$ cat final16.cif   # mmCIF, N, CA and C atoms
data_final
loop_
_atom_site.label_atom_id
_atom_site.label_comp_id
_atom_site.auth_asym_id
_atom_site.auth_seq_id
_atom_site.Cartn_x
_atom_site.Cartn_y
_atom_site.Cartn_z
N MET A 1 121.24 67.10 3.57
CA MET A 1 121.96 68.23 4.07
C MET A 1 123.45 67.99 3.82
N SER A 2 124.07 68.85 3.07
CA SER A 2 125.48 68.67 2.78
C SER A 2 126.32 69.45 3.78
N ARG A 3 127.36 68.81 4.16
CA ARG A 3 128.26 69.41 5.14
C ARG A 3 129.49 69.94 4.43
N THR A 4 129.98 71.09 4.80
CA THR A 4 131.19 71.65 4.20
C THR A 4 132.38 70.88 4.72
N ARG A 5 133.19 70.42 3.79
CA ARG A 5 134.37 69.64 4.17
C ARG A 5 135.58 70.54 4.30
N SER A 6 136.33 70.30 5.30
CA SER A 6 137.56 71.04 5.51
C SER A 6 138.66 70.43 4.64
N PRO A 7 139.60 71.23 4.16
CA PRO A 7 140.69 70.66 3.37
C PRO A 7 141.62 69.77 4.19
N PHE A 8 141.49 69.80 5.51
CA PHE A 8 142.36 69.01 6.36
C PHE A 8 141.77 67.67 6.75
N GLU A 9 140.54 67.39 6.37
CA GLU A 9 139.91 66.12 6.73
C GLU A 9 140.53 64.97 5.93
N ASP A 10 140.58 63.82 6.55
CA ASP A 10 141.06 62.59 5.93
C ASP A 10 142.51 62.72 5.44
N ARG A 11 143.29 63.50 6.13
CA ARG A 11 144.70 63.64 5.80
C ARG A 11 145.51 63.44 7.08
N PRO A 12 146.74 62.96 6.94
CA PRO A 12 147.58 62.80 8.13
C PRO A 12 147.82 64.14 8.82
N ALA A 13 148.02 64.10 10.07
CA ALA A 13 148.14 65.32 10.88
C ALA A 13 149.45 66.05 10.61
N ILE A 14 149.35 67.36 10.68
CA ILE A 14 150.53 68.20 10.55
C ILE A 14 151.42 68.03 11.78
N GLY A 15 150.80 67.84 12.94
CA GLY A 15 151.57 67.67 14.17
C GLY A 15 152.50 66.47 14.13
N ILE A 16 152.03 65.39 13.54
CA ILE A 16 152.88 64.20 13.42
C ILE A 16 154.04 64.49 12.48
N ALA A 17 153.79 65.24 11.42
CA ALA A 17 154.87 65.61 10.51
C ALA A 17 155.90 66.47 11.23
N LEU A 18 155.44 67.36 12.10
CA LEU A 18 156.38 68.19 12.86
C LEU A 18 157.20 67.36 13.83
N VAL A 19 156.57 66.35 14.44
CA VAL A 19 157.32 65.43 15.31
C VAL A 19 158.36 64.68 14.48
N ARG A 20 157.97 64.24 13.28
CA ARG A 20 158.90 63.54 12.40
C ARG A 20 160.07 64.45 12.03
N PHE A 21 159.78 65.71 11.67
CA PHE A 21 160.84 66.65 11.32
C PHE A 21 161.76 66.90 12.50
N GLY A 22 161.18 67.10 13.68
CA GLY A 22 161.99 67.34 14.87
C GLY A 22 162.88 66.17 15.22
N LEU A 23 162.33 64.97 15.15
CA LEU A 23 163.12 63.77 15.42
C LEU A 23 164.24 63.62 14.40
N ALA A 24 163.92 63.84 13.13
CA ALA A 24 164.93 63.71 12.08
C ALA A 24 166.06 64.72 12.29
N LEU A 25 165.72 65.95 12.60
CA LEU A 25 166.76 66.97 12.83
C LEU A 25 167.59 66.65 14.06
N LEU A 26 166.95 66.14 15.11
CA LEU A 26 167.68 65.75 16.31
C LEU A 26 168.67 64.62 16.02
N VAL A 27 168.23 63.63 15.27
CA VAL A 27 169.09 62.49 14.93
C VAL A 27 170.22 62.94 13.99
N ILE A 28 169.90 63.79 13.02
CA ILE A 28 170.92 64.28 12.09
C ILE A 28 171.97 65.10 12.83
N LEU A 29 171.53 65.99 13.71
CA LEU A 29 172.49 66.79 14.47
C LEU A 29 173.35 65.94 15.39
N ALA A 30 172.75 64.95 16.04
CA ALA A 30 173.54 64.05 16.89
C ALA A 30 174.54 63.25 16.06
N GLY A 31 174.11 62.79 14.88
CA GLY A 31 175.03 62.06 13.99
C GLY A 31 176.16 62.94 13.49
N LEU A 32 175.83 64.18 13.10
CA LEU A 32 176.88 65.11 12.64
C LEU A 32 177.87 65.42 13.75
N PHE A 33 177.36 65.59 14.96
CA PHE A 33 178.23 65.85 16.11
C PHE A 33 179.21 64.69 16.31
N GLN A 34 178.71 63.46 16.20
CA GLN A 34 179.58 62.29 16.39
C GLN A 34 180.55 62.11 15.23
N VAL A 35 180.11 62.39 14.00
CA VAL A 35 181.02 62.27 12.85
C VAL A 35 182.11 63.33 12.94
N GLU A 36 181.72 64.52 13.37
CA GLU A 36 182.69 65.61 13.49
C GLU A 36 183.78 65.28 14.49
N ARG A 37 183.44 64.60 15.54
CA ARG A 37 184.43 64.21 16.55
C ARG A 37 184.66 62.70 16.48
N HIS A 38 184.99 62.22 15.29
CA HIS A 38 185.07 60.78 15.05
C HIS A 38 186.13 60.09 15.90
N HIS A 39 187.22 60.76 16.23
CA HIS A 39 188.24 60.11 17.08
C HIS A 39 187.68 59.84 18.48
N ALA A 40 186.89 60.78 18.99
CA ALA A 40 186.27 60.57 20.30
C ALA A 40 185.19 59.50 20.23
N ALA A 41 184.48 59.43 19.09
CA ALA A 41 183.44 58.40 18.94
C ALA A 41 184.07 57.01 18.93
N VAL A 42 185.21 56.87 18.28
CA VAL A 42 185.91 55.58 18.27
C VAL A 42 186.43 55.26 19.67
N ALA A 43 186.94 56.26 20.37
CA ALA A 43 187.41 56.03 21.74
C ALA A 43 186.24 55.64 22.66
N ASP A 44 185.08 56.29 22.47
CA ASP A 44 183.90 55.92 23.25
C ASP A 44 183.50 54.48 22.98
N ALA A 45 183.51 54.07 21.71
CA ALA A 45 183.15 52.69 21.36
C ALA A 45 184.12 51.70 22.01
N ARG A 46 185.37 52.07 22.10
CA ARG A 46 186.37 51.20 22.74
C ARG A 46 186.08 51.09 24.24
N VAL A 47 185.79 52.22 24.90
CA VAL A 47 185.51 52.22 26.34
C VAL A 47 184.22 51.47 26.64
N TRP A 48 183.22 51.60 25.77
CA TRP A 48 181.93 50.95 25.99
C TRP A 48 181.99 49.45 25.76
N GLY A 49 183.07 48.97 25.15
CA GLY A 49 183.21 47.54 24.91
C GLY A 49 182.49 47.05 23.67
N LEU A 50 182.25 47.94 22.71
CA LEU A 50 181.60 47.52 21.47
C LEU A 50 182.59 46.75 20.60
N PRO A 51 182.11 45.79 19.85
CA PRO A 51 183.02 45.02 18.99
C PRO A 51 183.56 45.91 17.87
N SER A 52 184.82 45.72 17.53
CA SER A 52 185.49 46.46 16.46
C SER A 52 185.22 47.96 16.58
N PRO A 53 185.79 48.59 17.61
CA PRO A 53 185.46 49.98 17.89
C PRO A 53 185.80 50.95 16.75
N GLY A 54 186.78 50.63 15.94
CA GLY A 54 187.11 51.50 14.81
C GLY A 54 185.98 51.57 13.80
N VAL A 55 185.27 50.45 13.63
CA VAL A 55 184.16 50.41 12.68
C VAL A 55 182.87 50.89 13.34
N THR A 56 182.55 50.36 14.52
CA THR A 56 181.29 50.74 15.15
C THR A 56 181.27 52.19 15.61
N GLY A 57 182.45 52.72 15.96
CA GLY A 57 182.53 54.12 16.36
C GLY A 57 182.12 55.06 15.25
N MET A 58 182.35 54.67 14.01
CA MET A 58 181.94 55.50 12.87
C MET A 58 180.63 55.00 12.27
N ALA A 59 180.33 53.72 12.39
CA ALA A 59 179.11 53.18 11.78
C ALA A 59 177.86 53.73 12.47
N ILE A 60 177.88 53.83 13.78
CA ILE A 60 176.70 54.29 14.50
C ILE A 60 176.29 55.71 14.07
N PRO A 61 177.21 56.69 14.03
CA PRO A 61 176.77 58.02 13.59
C PRO A 61 176.42 58.10 12.11
N VAL A 62 177.11 57.34 11.27
CA VAL A 62 176.78 57.36 9.84
C VAL A 62 175.40 56.75 9.60
N ILE A 63 175.10 55.67 10.29
CA ILE A 63 173.76 55.06 10.18
C ILE A 63 172.71 56.04 10.71
N ALA A 64 173.03 56.74 11.80
CA ALA A 64 172.10 57.74 12.34
C ALA A 64 171.84 58.84 11.32
N LEU A 65 172.88 59.30 10.65
CA LEU A 65 172.70 60.33 9.61
C LEU A 65 171.80 59.83 8.49
N ALA A 66 172.06 58.63 8.01
CA ALA A 66 171.26 58.07 6.91
C ALA A 66 169.80 57.90 7.34
N LEU A 67 169.58 57.38 8.53
CA LEU A 67 168.20 57.19 9.01
C LEU A 67 167.51 58.53 9.24
N GLY A 68 168.25 59.53 9.69
CA GLY A 68 167.68 60.85 9.88
C GLY A 68 167.23 61.47 8.57
N VAL A 69 168.03 61.28 7.52
CA VAL A 69 167.66 61.81 6.20
C VAL A 69 166.44 61.06 5.65
N ILE A 70 166.43 59.74 5.80
CA ILE A 70 165.27 58.95 5.36
C ILE A 70 164.02 59.39 6.10
N LEU A 71 164.14 59.64 7.39
CA LEU A 71 163.00 60.08 8.18
C LEU A 71 162.58 61.49 7.80
N LEU A 72 163.53 62.37 7.56
CA LEU A 72 163.22 63.75 7.21
C LEU A 72 162.42 63.82 5.92
N PHE A 73 162.82 63.05 4.92
CA PHE A 73 162.12 63.06 3.64
C PHE A 73 160.88 62.18 3.65
N GLY A 74 160.76 61.32 4.63
CA GLY A 74 159.57 60.49 4.74
C GLY A 74 159.53 59.35 3.75
N LEU A 75 160.68 58.78 3.44
CA LEU A 75 160.72 57.65 2.50
C LEU A 75 160.16 56.39 3.13
N ALA A 76 160.55 56.12 4.34
CA ALA A 76 160.03 54.97 5.10
C ALA A 76 160.04 55.38 6.57
N PRO A 77 159.12 56.27 6.97
CA PRO A 77 159.21 56.85 8.31
C PRO A 77 159.09 55.85 9.45
N ARG A 78 158.20 54.88 9.33
CA ARG A 78 158.04 53.93 10.44
C ARG A 78 159.26 53.01 10.55
N LEU A 79 159.77 52.54 9.43
CA LEU A 79 160.97 51.69 9.46
C LEU A 79 162.16 52.47 10.01
N ALA A 80 162.34 53.70 9.55
CA ALA A 80 163.45 54.52 10.05
C ALA A 80 163.29 54.77 11.54
N ALA A 81 162.07 55.02 12.00
CA ALA A 81 161.84 55.26 13.43
C ALA A 81 162.16 54.00 14.25
N TRP A 82 161.79 52.82 13.74
CA TRP A 82 162.13 51.57 14.44
C TRP A 82 163.65 51.41 14.56
N LEU A 83 164.36 51.66 13.47
CA LEU A 83 165.81 51.50 13.49
C LEU A 83 166.48 52.54 14.37
N ILE A 84 165.96 53.77 14.37
CA ILE A 84 166.50 54.81 15.26
C ILE A 84 166.23 54.43 16.71
N LEU A 85 165.06 53.86 16.98
CA LEU A 85 164.73 53.41 18.32
C LEU A 85 165.72 52.35 18.80
N ILE A 86 166.02 51.40 17.95
CA ILE A 86 166.99 50.35 18.30
C ILE A 86 168.37 50.94 18.54
N GLU A 87 168.78 51.85 17.66
CA GLU A 87 170.10 52.47 17.81
C GLU A 87 170.16 53.30 19.10
N ALA A 88 169.10 54.03 19.42
CA ALA A 88 169.07 54.82 20.65
C ALA A 88 169.14 53.92 21.88
N ALA A 89 168.46 52.77 21.82
CA ALA A 89 168.51 51.83 22.96
C ALA A 89 169.92 51.27 23.13
N ILE A 90 170.59 50.97 22.03
CA ILE A 90 171.96 50.46 22.11
C ILE A 90 172.89 51.52 22.69
N VAL A 91 172.76 52.76 22.21
CA VAL A 91 173.61 53.84 22.71
C VAL A 91 173.32 54.10 24.18
N MET A 92 172.05 54.06 24.58
CA MET A 92 171.71 54.28 25.98
C MET A 92 172.27 53.17 26.86
N TYR A 93 172.18 51.94 26.39
CA TYR A 93 172.71 50.82 27.18
C TYR A 93 174.23 50.86 27.24
N ALA A 94 174.87 51.02 26.08
CA ALA A 94 176.33 50.96 26.04
C ALA A 94 176.96 52.20 26.68
N GLY A 95 176.49 53.37 26.30
CA GLY A 95 177.10 54.59 26.81
C GLY A 95 176.58 55.00 28.17
N GLY A 96 175.33 54.74 28.44
CA GLY A 96 174.72 55.18 29.69
C GLY A 96 175.26 54.46 30.90
N ARG A 97 175.56 53.20 30.75
CA ARG A 97 176.04 52.44 31.91
C ARG A 97 177.47 52.80 32.28
N ILE A 98 178.22 53.39 31.34
CA ILE A 98 179.61 53.75 31.62
C ILE A 98 179.76 55.26 31.80
N ASP A 99 179.25 56.03 30.85
CA ASP A 99 179.43 57.48 30.89
C ASP A 99 178.28 58.21 31.57
N GLY A 100 177.08 57.67 31.51
CA GLY A 100 175.92 58.31 32.13
C GLY A 100 175.60 59.64 31.46
N GLY A 101 175.03 60.57 32.20
CA GLY A 101 174.75 61.92 31.73
C GLY A 101 173.99 62.00 30.43
N PHE A 102 174.64 62.55 29.44
CA PHE A 102 174.06 62.77 28.11
C PHE A 102 173.49 61.47 27.53
N TYR A 103 174.16 60.38 27.76
CA TYR A 103 173.73 59.10 27.19
C TYR A 103 172.55 58.48 27.93
N LEU A 104 172.17 59.07 29.04
CA LEU A 104 170.97 58.63 29.75
C LEU A 104 169.81 59.61 29.59
N THR A 105 170.06 60.78 28.99
CA THR A 105 168.99 61.78 28.84
C THR A 105 168.48 61.89 27.41
N LEU A 106 169.36 61.98 26.42
CA LEU A 106 168.90 62.17 25.05
C LEU A 106 168.27 60.91 24.43
N PRO A 107 168.84 59.72 24.59
CA PRO A 107 168.21 58.54 23.98
C PRO A 107 166.76 58.29 24.41
N PRO A 108 166.37 58.48 25.68
CA PRO A 108 164.95 58.29 26.00
C PRO A 108 164.04 59.28 25.28
N VAL A 109 164.50 60.52 25.10
CA VAL A 109 163.71 61.51 24.36
C VAL A 109 163.54 61.05 22.92
N ILE A 110 164.64 60.60 22.32
CA ILE A 110 164.58 60.09 20.95
C ILE A 110 163.66 58.87 20.87
N MET A 111 163.71 58.01 21.87
CA MET A 111 162.88 56.81 21.85
C MET A 111 161.40 57.15 21.95
N VAL A 112 161.04 58.13 22.76
CA VAL A 112 159.63 58.54 22.86
C VAL A 112 159.15 59.12 21.54
N LEU A 113 159.97 59.97 20.91
CA LEU A 113 159.60 60.53 19.62
C LEU A 113 159.48 59.43 18.56
N CYS A 114 160.35 58.44 18.62
CA CYS A 114 160.27 57.30 17.69
C CYS A 114 158.96 56.55 17.87
N LEU A 115 158.56 56.33 19.11
CA LEU A 115 157.31 55.62 19.36
C LEU A 115 156.11 56.39 18.83
N ILE A 116 156.17 57.72 18.89
CA ILE A 116 155.09 58.54 18.33
C ILE A 116 155.02 58.36 16.82
N VAL A 117 156.19 58.40 16.16
CA VAL A 117 156.22 58.24 14.70
C VAL A 117 155.81 56.82 14.31
N ILE A 118 156.24 55.83 15.06
CA ILE A 118 155.87 54.44 14.76
C ILE A 118 154.36 54.27 14.89
N GLY A 119 153.78 54.84 15.93
CA GLY A 119 152.35 54.67 16.16
C GLY A 119 151.48 55.47 15.21
N ALA A 120 151.90 56.67 14.87
CA ALA A 120 151.04 57.55 14.08
C ALA A 120 151.43 57.63 12.61
N GLY A 121 152.57 57.12 12.25
CA GLY A 121 153.01 57.20 10.86
C GLY A 121 153.83 58.46 10.63
N GLY A 122 154.03 58.77 9.37
CA GLY A 122 154.90 59.89 9.03
C GLY A 122 154.22 61.23 8.96
N GLY A 123 152.91 61.27 8.99
CA GLY A 123 152.22 62.55 8.88
C GLY A 123 152.20 63.05 7.45
N ARG A 124 152.01 64.34 7.30
CA ARG A 124 151.98 64.94 5.97
C ARG A 124 153.37 65.06 5.38
N TRP A 125 153.38 65.38 4.11
CA TRP A 125 154.59 65.70 3.36
C TRP A 125 155.62 64.58 3.37
N THR A 126 155.18 63.36 3.20
CA THR A 126 156.12 62.25 3.08
C THR A 126 156.30 61.90 1.61
N LEU A 127 157.53 61.59 1.25
CA LEU A 127 157.79 61.18 -0.13
C LEU A 127 157.19 59.81 -0.42
N LEU A 128 156.96 59.03 0.62
CA LEU A 128 156.33 57.73 0.44
C LEU A 128 154.97 57.88 -0.22
N ASP A 129 154.23 58.93 0.16
CA ASP A 129 152.92 59.16 -0.46
C ASP A 129 153.05 59.57 -1.92
N ARG A 130 154.15 60.18 -2.29
CA ARG A 130 154.36 60.55 -3.69
C ARG A 130 154.80 59.34 -4.52
N VAL A 131 155.63 58.49 -3.93
CA VAL A 131 156.12 57.31 -4.64
C VAL A 131 155.04 56.25 -4.75
N ASP A 132 154.36 56.01 -3.64
CA ASP A 132 153.30 54.99 -3.59
C ASP A 132 152.08 55.60 -2.92
N PRO A 133 151.26 56.35 -3.68
CA PRO A 133 150.13 57.05 -3.06
C PRO A 133 149.12 56.08 -2.47
N PRO A 134 148.53 56.47 -1.33
CA PRO A 134 147.52 55.59 -0.73
C PRO A 134 146.27 55.55 -1.60
N ARG A 135 145.59 54.41 -1.56
CA ARG A 135 144.35 54.28 -2.32
C ARG A 135 143.28 55.19 -1.74
N GLN A 136 142.45 55.68 -2.60
CA GLN A 136 141.34 56.54 -2.17
C GLN A 136 140.35 55.69 -1.37
N ARG A 137 139.95 56.19 -0.23
CA ARG A 137 139.00 55.45 0.59
C ARG A 137 137.59 55.73 0.11
N ARG A 138 136.80 54.67 0.10
CA ARG A 138 135.38 54.82 -0.24
C ARG A 138 134.56 54.41 0.97
N LEU A 139 133.63 55.25 1.29
CA LEU A 139 132.75 54.93 2.40
C LEU A 139 131.58 54.10 1.87
N GLU A 140 131.30 53.04 2.56
CA GLU A 140 130.18 52.19 2.18
C GLU A 140 129.16 52.24 3.30
N ARG A 141 127.92 52.31 2.90
CA ARG A 141 126.85 52.36 3.90
C ARG A 141 126.47 50.95 4.33
N SER A 142 126.26 50.82 5.60
CA SER A 142 125.79 49.51 6.08
C SER A 142 124.28 49.45 5.95
N ARG A 143 123.77 48.26 5.77
CA ARG A 143 122.32 48.13 5.57
C ARG A 143 121.63 47.76 6.82
#

$ encode --input "final16.cif" --output "structure tokens"
Amino acid sequence: MSRTRSPFEDRPAIGIALVRFGLALLVILAGLFQVERHHAAVADARVWGLPSPGVTGMAIPVIALALGVILLFGLAPRLAAWLILIEAAIVMYAGGRIDGGFYLTLPPVIMVLCLIVIGAGGGRWTLLDRVDPPRQRRLERSR
């Protein structure tokens, strides 16, 4: 008896891809917001006690932008999610303990979304699958 196969079987979930897109857009928008107000970002880094505030004040949002683009295109979604998770934890620790508010609300949301991407992968439409396609799975019968 042959069973009709759905075109969606044995493929990564669309929902995970949507989580990846949402996380990437959130990180890109947060990075753009910080780059746009770079003088305030440097001042925040100085107040938070980060080393070399002139560099770290701009490095954090630029790294966030780069990781957001990598995540959006799906080049290395799990690695990008790990690095975004680390960056969000640093921002939450450094900014949250002094400024509170925004720095205690957005980073946990980003961290939860990162954990979803880390656990489930990048979902559909990742460039990683185009660059290095996964091997075709073969089912073997047990005896």

$ residues_around --input "final16.cif" --residues "Pro53 in chain A" --least-positions-apart "4" --cutoff "8 Å" --atoms "all atoms listed in the file" --output "ChimeraX atom specification"
/A:41-47,49,57-59

$ closest_residue --input "final16.cif" --among "A:Gly31, A:Gly121, A:Pro77, A:Pro108" --to "Met92 in chain A" --atoms "only C-alpha atoms"
A:Pro108

$ resolve_selection --input "final16.cif" --expression "the PyMOL selection byres ((chain A and resi 17-29) around 6)" --output "list in words"
Ala13, Ile14, Gly15, Ile16, Ala30, Gly31, Leu32, Phe33, Gln34, Ala64, Leu65, Gly68, Leu71, Leu72, Gly122, Gly123 and Arg124 of chain A

$ write_last_selection --input "final16.cif" --atoms "N, CA and C atoms" --output "PDB file, in the frame of the given file"
ATOM      1  N   ALA A  13     148.020  64.100  10.070  1.00  0.00           N
ATOM      2  CA  ALA A  13     148.140  65.320  10.880  1.00  0.00           C
ATOM      3  C   ALA A  13     149.450  66.050  10.610  1.00  0.00           C
ATOM      4  N   ILE A  14     149.350  67.360  10.680  1.00  0.00           N
ATOM      5  CA  ILE A  14     150.530  68.200  10.550  1.00  0.00           C
ATOM      6  C   ILE A  14     151.420  68.030  11.780  1.00  0.00           C
ATOM      7  N   GLY A  15     150.800  67.840  12.940  1.00  0.00           N
ATOM      8  CA  GLY A  15     151.570  67.670  14.170  1.00  0.00           C
ATOM      9  C   GLY A  15     152.500  66.470  14.130  1.00  0.00           C
ATOM     10  N   ILE A  16     152.030  65.390  13.540  1.00  0.00           N
ATOM     11  CA  ILE A  16     152.880  64.200  13.420  1.00  0.00           C
ATOM     12  C   ILE A  16     154.040  64.490  12.480  1.00  0.00           C
ATOM     13  N   ALA A  30     172.750  64.950  16.040  1.00  0.00           N
ATOM     14  CA  ALA A  30     173.540  64.050  16.890  1.00  0.00           C
ATOM     15  C   ALA A  30     174.540  63.250  16.060  1.00  0.00           C
ATOM     16  N   GLY A  31     174.110  62.790  14.880  1.00  0.00           N
ATOM     17  CA  GLY A  31     175.030  62.060  13.990  1.00  0.00           C
ATOM     18  C   GLY A  31     176.160  62.940  13.490  1.00  0.00           C
ATOM     19  N   LEU A  32     175.830  64.180  13.100  1.00  0.00           N
ATOM     20  CA  LEU A  32     176.880  65.110  12.640  1.00  0.00           C
ATOM     21  C   LEU A  32     177.870  65.420  13.750  1.00  0.00           C
ATOM     22  N   PHE A  33     177.360  65.590  14.960  1.00  0.00           N
ATOM     23  CA  PHE A  33     178.230  65.850  16.110  1.00  0.00           C
ATOM     24  C   PHE A  33     179.210  64.690  16.310  1.00  0.00           C
ATOM     25  N   GLN A  34     178.710  63.460  16.200  1.00  0.00           N
ATOM     26  CA  GLN A  34     179.580  62.290  16.390  1.00  0.00           C
ATOM     27  C   GLN A  34     180.550  62.110  15.230  1.00  0.00           C
ATOM     28  N   ALA A  64     173.030  56.740  11.800  1.00  0.00           N
ATOM     29  CA  ALA A  64     172.100  57.740  12.340  1.00  0.00           C
ATOM     30  C   ALA A  64     171.840  58.840  11.320  1.00  0.00           C
ATOM     31  N   LEU A  65     172.880  59.300  10.650  1.00  0.00           N
ATOM     32  CA  LEU A  65     172.700  60.330   9.610  1.00  0.00           C
ATOM     33  C   LEU A  65     171.800  59.830   8.490  1.00  0.00           C
ATOM     34  N   GLY A  68     168.250  59.530   9.690  1.00  0.00           N
ATOM     35  CA  GLY A  68     167.680  60.850   9.880  1.00  0.00           C
ATOM     36  C   GLY A  68     167.230  61.470   8.570  1.00  0.00           C
ATOM     37  N   LEU A  71     164.140  59.640   7.390  1.00  0.00           N
ATOM     38  CA  LEU A  71     163.000  60.080   8.180  1.00  0.00           C
ATOM     39  C   LEU A  71     162.580  61.490   7.800  1.00  0.00           C
ATOM     40  N   LEU A  72     163.530  62.370   7.560  1.00  0.00           N
ATOM     41  CA  LEU A  72     163.220  63.750   7.210  1.00  0.00           C
ATOM     42  C   LEU A  72     162.420  63.820   5.920  1.00  0.00           C
ATOM     43  N   GLY A 122     154.030  58.770   9.370  1.00  0.00           N
ATOM     44  CA  GLY A 122     154.900  59.890   9.030  1.00  0.00           C
ATOM     45  C   GLY A 122     154.220  61.230   8.960  1.00  0.00           C
ATOM     46  N   GLY A 123     152.910  61.270   8.990  1.00  0.00           N
ATOM     47  CA  GLY A 123     152.220  62.550   8.880  1.00  0.00           C
ATOM     48  C   GLY A 123     152.200  63.050   7.450  1.00  0.00           C
ATOM     49  N   ARG A 124     152.010  64.340   7.300  1.00  0.00           N
ATOM     50  CA  ARG A 124     151.980  64.940   5.970  1.00  0.00           C
ATOM     51  C   ARG A 124     153.370  65.060   5.380  1.00  0.00           C
TER      52      ARG A 124
END

$ select_by_dssp --input "final16.cif" --residues "range 52-107 of chain A" --states "helix (DSSP H, G or I)" --output "PyMOL selection string"
chain A and resi 53-73+77-96+102-107

$ residues_around --input "final16.cif" --residues "Met111 in chain A" --least-positions-apart "4" --cutoff "6.5 Å" --atoms "all atoms listed in the file" --output "VMD selection string"
chain A and resid 85 88 106 to 107 115 to 116

$ resolve_selection --input "final16.cif" --expression "the PyMOL selection byres ((chain A and resi 78) around 8)" --output "list in words"
Leu71, Gly74, Leu75, Ala76, Pro77, Leu79, Ala80, Ala81, Trp82, Leu83, Ile84, Cys114, Val117, Ile118, Gly119, Ala120, Gly121 and Gly122 of chain A

$ atom_distance --input "final16.cif" --atom1 "atom C of Leu50 in chain A" --atom2 "CA of Leu67 in chain A"
21.2 Å

$ atom_distance --input "final16.cif" --atom1 "atom C of His39 in chain A" --atom2 "CA of Ile60 in chain A"
12.9 Å

$ atom_distance --input "final16.cif" --atom1 "atom N of Ile70 in chain A" --atom2 "CA of Thr105 in chain A"
23.3 Å

$ residues_around --input "final16.cif" --residues "Asp99 in chain A" --least-positions-apart "4" --cutoff "8 Å" --atoms "only N, CA and C atoms" --output "list in words"
Val47, Trp48, Ala94, Gly95, Tyr103 and Leu104 of chain A

$ closest_residue --input "final16.cif" --among "A:Thr56, A:Gly96, A:Phe73, A:Glu36" --to "Trp125 in chain A" --atoms "all atoms listed in the file"
A:Phe73
